[in-house]
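Engineer: Pasting a structure here, questions to come.
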Amino acid sequence: SEKRRTLLFAWLAYLVAMLCKETAISLVPVVIALDYLVLNRASDEPGKAKSTRRHLWRCHVPLALGTGVFLVLRIFYQGGVLSDRPSMGLWPRLSMLLETIGHYGALTLNPYDPSLQVAAFYNPARPDWMMVALGAILLLAFSAGLYWALRKRATVGWAVILTMAAVSPVSNLVPLSLRSLVAERFLYLPLLGVAFLVGFGLQAARPQLRRILSAVVILLCLSWTTVDALRSYQYADELKLWLATAESSPNNPLAQQMVASTLVRHRRYGEAGKWLA
């Protein structure tokens with residue numbers, strides 16, 4: 001009965017997560033990978049095979065089927081998930097996927113220049129080739145790491161799956177009906193996977209090197225926290241927020257439009273007209 005109550009509360013928590021934000025769909029592969037790679041249910045010990053099959057039918061299959069039903073209902077009865085962009089060929093779709101991953105990688109590797117909106121109004125005829133290349137490198141690196149981890153049945157494979165699964169719903173593999181190709185808020189879940197990867201890397205390092213790397217990680221985290229603290233004042237005022245966004249992304253038309261809209265609400269029509277122009 002205790003296991004049933006635990007499973008019931010787990011299902012309720014997942015349902016609430018899906019109702020809050022559909023990126024919770026990434027939990028499906030993460031939970032399955034957690035079971036097989038971290039909890040080692042797939043080991044060859046006596047009785048483990050039967051336990052694994054029971055867990056598969058009681059948890060994993062219902063989780064996947066329930067998620068599928070939820071997504072079908074979400075798409076066909078509420079809408080707003082799939083893109084209304086015109087259909088694209090294979091290469092424009094691939095370049096959009098790689099550019100999206102590249103932007104996420106750039107935001108992760110260099111968080112010192114934050115922007116509320118990134119790569120708004122994607123133009124498949126003029127992709128950002130630097131971001132496309134970075135996205136290809138990151139995708140190949142994660143795929144190679146996942147292949148190695150699965151062969152070794154290493155725990156680090158779970159962190160790789162967590163990172164990749166969290167990026168997938170917002171990677172534009174299926175183009176989303178968003179006015180921005182990439183946004184900082186889409187990195188919340190993937191950064192959790194990156195944190196686990198860093199932790200597993202520190203565990204694998206030698207003690208002396210581990211201390212040095214830990215000090216570096218702590219200093220980086222402190223610097224990132226300082227950047228966020230200095231930036232937080234912008235969120236107290238909508239106009240300051242969009243002005244800062246437009247200044248950091250001067251070629252972003254969506255940011256300029258949002259500045260103008262905010263100025264109109266403040267009845268500063270002359271300034272709004274300049275931003276609209």
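Lettering and numbering for the structure tokens are positional, with chains as A, B, ... in the shown order, residues counted from 1 in each chain, and ligands counted from 1 in the shown order.
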Can you tell me, as number ranges by chain, what residues are no more than 7 Å from stretch 141-151 of chain A when counting only C-alpha atoms, ignoring any on the same chain fewer than 5 positions away?
Structural biologist: A: 156-157, 160
Engineer: Give me, as an MDAnalysis selection string, all polymer residues having an atom no more than 10 Å from stretch 186-198 of chain A, counting only C-alpha atoms and skipping those fewer than 5 positions away in the same chain.
Structural biologist: chainID A and resid 23:24 26 104:105 107:108 155:171 203:204 213:214 217
Engineer: I need the residues of stretch 51-238 of chain A that end up classed as strand (DSSP E) by DSSP on the backbone, written out as a PyMOL selection string.
Structural biologist: chain A and resi 118-120+180-182
Engineer: With N, CA, C and O atoms retained, write the just-selected residues as a CSV table (one decimal), in the first residue's frame.
Structural biologist:
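Ended up saving to out-v5.csv:
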chain,number,residue,atom,x,y,z
A,118,VAL,N,16.3,35.7,-27.8
A,118,VAL,CA,17.5,35.3,-28.7
A,118,VAL,C,16.9,34.8,-30.0
A,118,VAL,O,16.0,34.0,-30.0
A,119,ALA,N,17.6,35.3,-31.1
A,119,ALA,CA,17.3,34.7,-32.4
A,119,ALA,C,15.8,34.8,-32.8
A,119,ALA,O,15.2,33.8,-33.2
A,120,ALA,N,15.2,35.9,-32.6
A,120,ALA,CA,13.8,36.1,-32.9
A,120,ALA,C,13.6,36.1,-34.5
A,120,ALA,O,14.5,36.5,-35.2
A,180,SER,N,10.1,33.5,-30.9
A,180,SER,CA,11.6,33.5,-30.6
A,180,SER,C,12.1,32.1,-30.8
A,180,SER,O,11.5,31.1,-30.3
A,181,LEU,N,13.2,32.0,-31.5
A,181,LEU,CA,13.8,30.6,-31.7
A,181,LEU,C,14.3,30.0,-30.4
A,181,LEU,O,14.1,28.9,-30.1
A,182,VAL,N,14.9,30.9,-29.5
A,182,VAL,CA,15.5,30.4,-28.3
A,182,VAL,C,15.1,31.4,-27.2
A,182,VAL,O,15.0,32.6,-27.5
Engineer: Which value, in Å to one decimal, gives the distance between atom CA of A:Asn252 and atom CA of A:Arg265?
Structural biologist: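 The value is 20.7 Å.
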Engineer: From a DSSP calculation on the backbone, collect every residue of stretch 35-266 of chain A in alpha helix (DSSP H) and output the set as a PyMOL selection string.
Structural biologist: chain A and resi 48-55+61-77+90-109+129-152+156-167+188-204+207-231+238-248+253-265
Engineer: Store the residues picked out above, limited to C-alpha atoms, as a tab-separated table (two decimals), in the first residue's frame.
Structural biologist:
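File written: result.tsv
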chain	number	residue	atom	x	y	z
A	48	LYS	CA	16.24	-8.69	-11.15
A	49	ALA	CA	14.92	-9.60	-14.60
A	50	LYS	CA	11.45	-10.29	-13.19
A	51	SER	CA	11.56	-7.06	-11.16
A	52	THR	CA	12.59	-5.14	-14.28
A	53	ARG	CA	9.67	-6.53	-16.34
A	54	ARG	CA	7.21	-5.75	-13.54
A	55	HIS	CA	8.53	-2.19	-13.27
A	61	VAL	CA	4.63	1.83	-20.28
A	62	PRO	CA	1.79	3.68	-18.44
A	63	LEU	CA	4.02	6.76	-18.20
A	64	ALA	CA	4.68	6.78	-21.95
A	65	LEU	CA	1.04	6.02	-22.88
A	66	GLY	CA	-0.35	8.61	-20.46
A	67	THR	CA	2.01	11.25	-21.80
A	68	GLY	CA	0.98	10.41	-25.37
A	69	VAL	CA	-2.72	10.80	-24.53
A	70	PHE	CA	-2.05	14.12	-22.78
A	71	LEU	CA	-0.14	15.51	-25.78
A	72	VAL	CA	-2.85	14.45	-28.24
A	73	LEU	CA	-5.50	16.19	-26.15
A	74	ARG	CA	-3.27	19.25	-25.75
A	75	ILE	CA	-2.56	19.61	-29.45
A	76	PHE	CA	-6.01	18.91	-30.90
A	77	TYR	CA	-8.23	20.50	-28.27
A	90	LEU	CA	14.99	18.74	-44.77
A	91	TRP	CA	18.05	21.03	-44.75
A	92	PRO	CA	16.26	24.19	-43.47
A	93	ARG	CA	14.67	22.07	-40.72
A	94	LEU	CA	18.06	20.55	-39.81
A	95	SER	CA	19.80	23.93	-39.83
A	96	MET	CA	17.08	25.37	-37.57
A	97	LEU	CA	17.54	22.46	-35.15
A	98	LEU	CA	21.34	22.85	-35.10
A	99	GLU	CA	21.15	26.64	-34.74
A	100	THR	CA	18.76	26.26	-31.81
A	101	ILE	CA	21.13	23.84	-30.05
A	102	GLY	CA	24.03	26.16	-30.85
A	103	HIS	CA	22.28	29.11	-29.18
A	104	TYR	CA	21.58	27.02	-26.09
A	105	GLY	CA	25.24	26.00	-25.98
A	106	ALA	CA	26.39	29.61	-26.34
A	107	LEU	CA	24.07	30.75	-23.53
A	108	THR	CA	25.40	27.95	-21.32
A	109	LEU	CA	29.08	28.52	-22.09
A	129	TRP	CA	26.36	29.47	-39.53
A	130	MET	CA	28.49	29.88	-36.40
A	131	MET	CA	25.59	28.71	-34.25
A	132	VAL	CA	24.81	25.91	-36.71
A	133	ALA	CA	28.42	24.67	-36.43
A	134	LEU	CA	28.38	24.92	-32.62
A	135	GLY	CA	25.09	23.03	-32.53
A	136	ALA	CA	26.52	20.25	-34.74
A	137	ILE	CA	29.59	19.93	-32.49
A	138	LEU	CA	27.46	19.77	-29.33
A	139	LEU	CA	25.04	17.25	-30.84
A	140	LEU	CA	27.90	14.98	-31.97
A	141	ALA	CA	29.63	15.28	-28.58
A	142	PHE	CA	26.50	14.40	-26.61
A	143	SER	CA	25.64	11.53	-29.00
A	144	ALA	CA	29.14	10.09	-28.69
A	145	GLY	CA	29.04	10.46	-24.90
A	146	LEU	CA	25.65	8.77	-24.73
A	147	TYR	CA	26.84	5.88	-26.91
A	148	TRP	CA	29.90	5.35	-24.70
A	149	ALA	CA	27.87	5.60	-21.49
A	150	LEU	CA	25.23	3.12	-22.66
A	151	ARG	CA	27.90	0.61	-23.69
A	152	LYS	CA	29.61	0.93	-20.32
A	156	VAL	CA	26.85	9.45	-16.42
A	157	GLY	CA	24.63	8.26	-19.29
A	158	TRP	CA	21.61	9.27	-17.22
A	159	ALA	CA	22.89	12.86	-16.96
A	160	VAL	CA	23.47	12.93	-20.74
A	161	ILE	CA	19.92	11.69	-21.35
A	162	LEU	CA	18.55	14.25	-18.87
A	163	THR	CA	20.31	17.09	-20.71
A	164	MET	CA	19.32	15.93	-24.21
A	165	ALA	CA	15.73	15.09	-23.22
A	166	ALA	CA	15.26	18.48	-21.56
A	167	VAL	CA	16.45	20.29	-24.71
A	188	TYR	CA	16.24	25.72	-16.74
A	189	LEU	CA	15.86	21.94	-17.10
A	190	PRO	CA	18.88	21.32	-19.38
A	191	LEU	CA	21.13	23.16	-16.91
A	192	LEU	CA	20.11	20.61	-14.29
A	193	GLY	CA	21.56	17.90	-16.54
A	194	VAL	CA	24.71	19.97	-17.07
A	195	ALA	CA	25.08	20.27	-13.28
A	196	PHE	CA	24.92	16.48	-12.95
A	197	LEU	CA	27.52	16.10	-15.72
A	198	VAL	CA	29.85	18.47	-13.87
A	199	GLY	CA	29.26	16.54	-10.66
A	200	PHE	CA	30.02	13.17	-12.26
A	201	GLY	CA	33.13	14.70	-13.84
A	202	LEU	CA	34.36	15.91	-10.45
A	203	GLN	CA	33.74	12.47	-8.97
A	204	ALA	CA	35.84	10.83	-11.67
A	207	PRO	CA	41.54	14.00	-5.49
A	208	GLN	CA	44.09	16.78	-6.08
A	209	LEU	CA	42.60	17.74	-9.45
A	210	ARG	CA	39.10	17.46	-7.97
A	211	ARG	CA	39.88	20.13	-5.38
A	212	ILE	CA	41.19	22.50	-8.04
A	213	LEU	CA	38.22	21.92	-10.35
A	214	SER	CA	35.78	22.30	-7.46
A	215	ALA	CA	37.30	25.68	-6.59
A	216	VAL	CA	36.96	26.75	-10.25
A	217	VAL	CA	33.30	25.66	-10.34
A	218	ILE	CA	32.55	27.53	-7.10
A	219	LEU	CA	34.17	30.73	-8.42
A	220	LEU	CA	32.22	30.45	-11.68
A	221	CYS	CA	28.95	29.93	-9.82
A	222	LEU	CA	29.65	32.96	-7.63
A	223	SER	CA	30.37	35.10	-10.70
A	224	TRP	CA	27.18	33.92	-12.43
A	225	THR	CA	25.18	34.66	-9.28
A	226	THR	CA	26.66	38.16	-9.17
A	227	VAL	CA	25.67	38.78	-12.80
A	228	ASP	CA	22.12	37.64	-12.08
A	229	ALA	CA	21.92	39.77	-8.92
A	230	LEU	CA	23.06	42.86	-10.81
A	231	ARG	CA	20.54	42.14	-13.54
A	238	GLU	CA	8.87	46.25	-17.58
A	239	LEU	CA	10.28	49.17	-19.54
A	240	LYS	CA	13.78	48.73	-18.08
A	241	LEU	CA	13.61	45.02	-18.91
A	242	TRP	CA	12.75	45.50	-22.58
A	243	LEU	CA	15.14	48.43	-23.00
A	244	ALA	CA	17.99	46.27	-21.68
A	245	THR	CA	16.92	43.45	-24.00
A	246	ALA	CA	16.83	45.77	-27.03
A	247	GLU	CA	20.25	47.19	-26.15
A	248	SER	CA	21.82	43.73	-25.81
A	253	PRO	CA	12.75	43.34	-33.99
A	254	LEU	CA	10.65	41.60	-31.33
A	255	ALA	CA	12.54	43.38	-28.53
A	256	GLN	CA	12.07	46.74	-30.31
A	257	GLN	CA	8.35	46.06	-30.72
A	258	MET	CA	8.02	45.21	-27.01
A	259	VAL	CA	9.80	48.45	-26.04
A	260	ALA	CA	7.38	50.41	-28.23
A	261	SER	CA	4.33	48.61	-26.79
A	262	THR	CA	5.49	49.31	-23.24
A	263	LEU	CA	6.06	52.99	-24.07
A	264	VAL	CA	2.55	53.22	-25.53
A	265	ARG	CA	1.13	51.88	-22.25
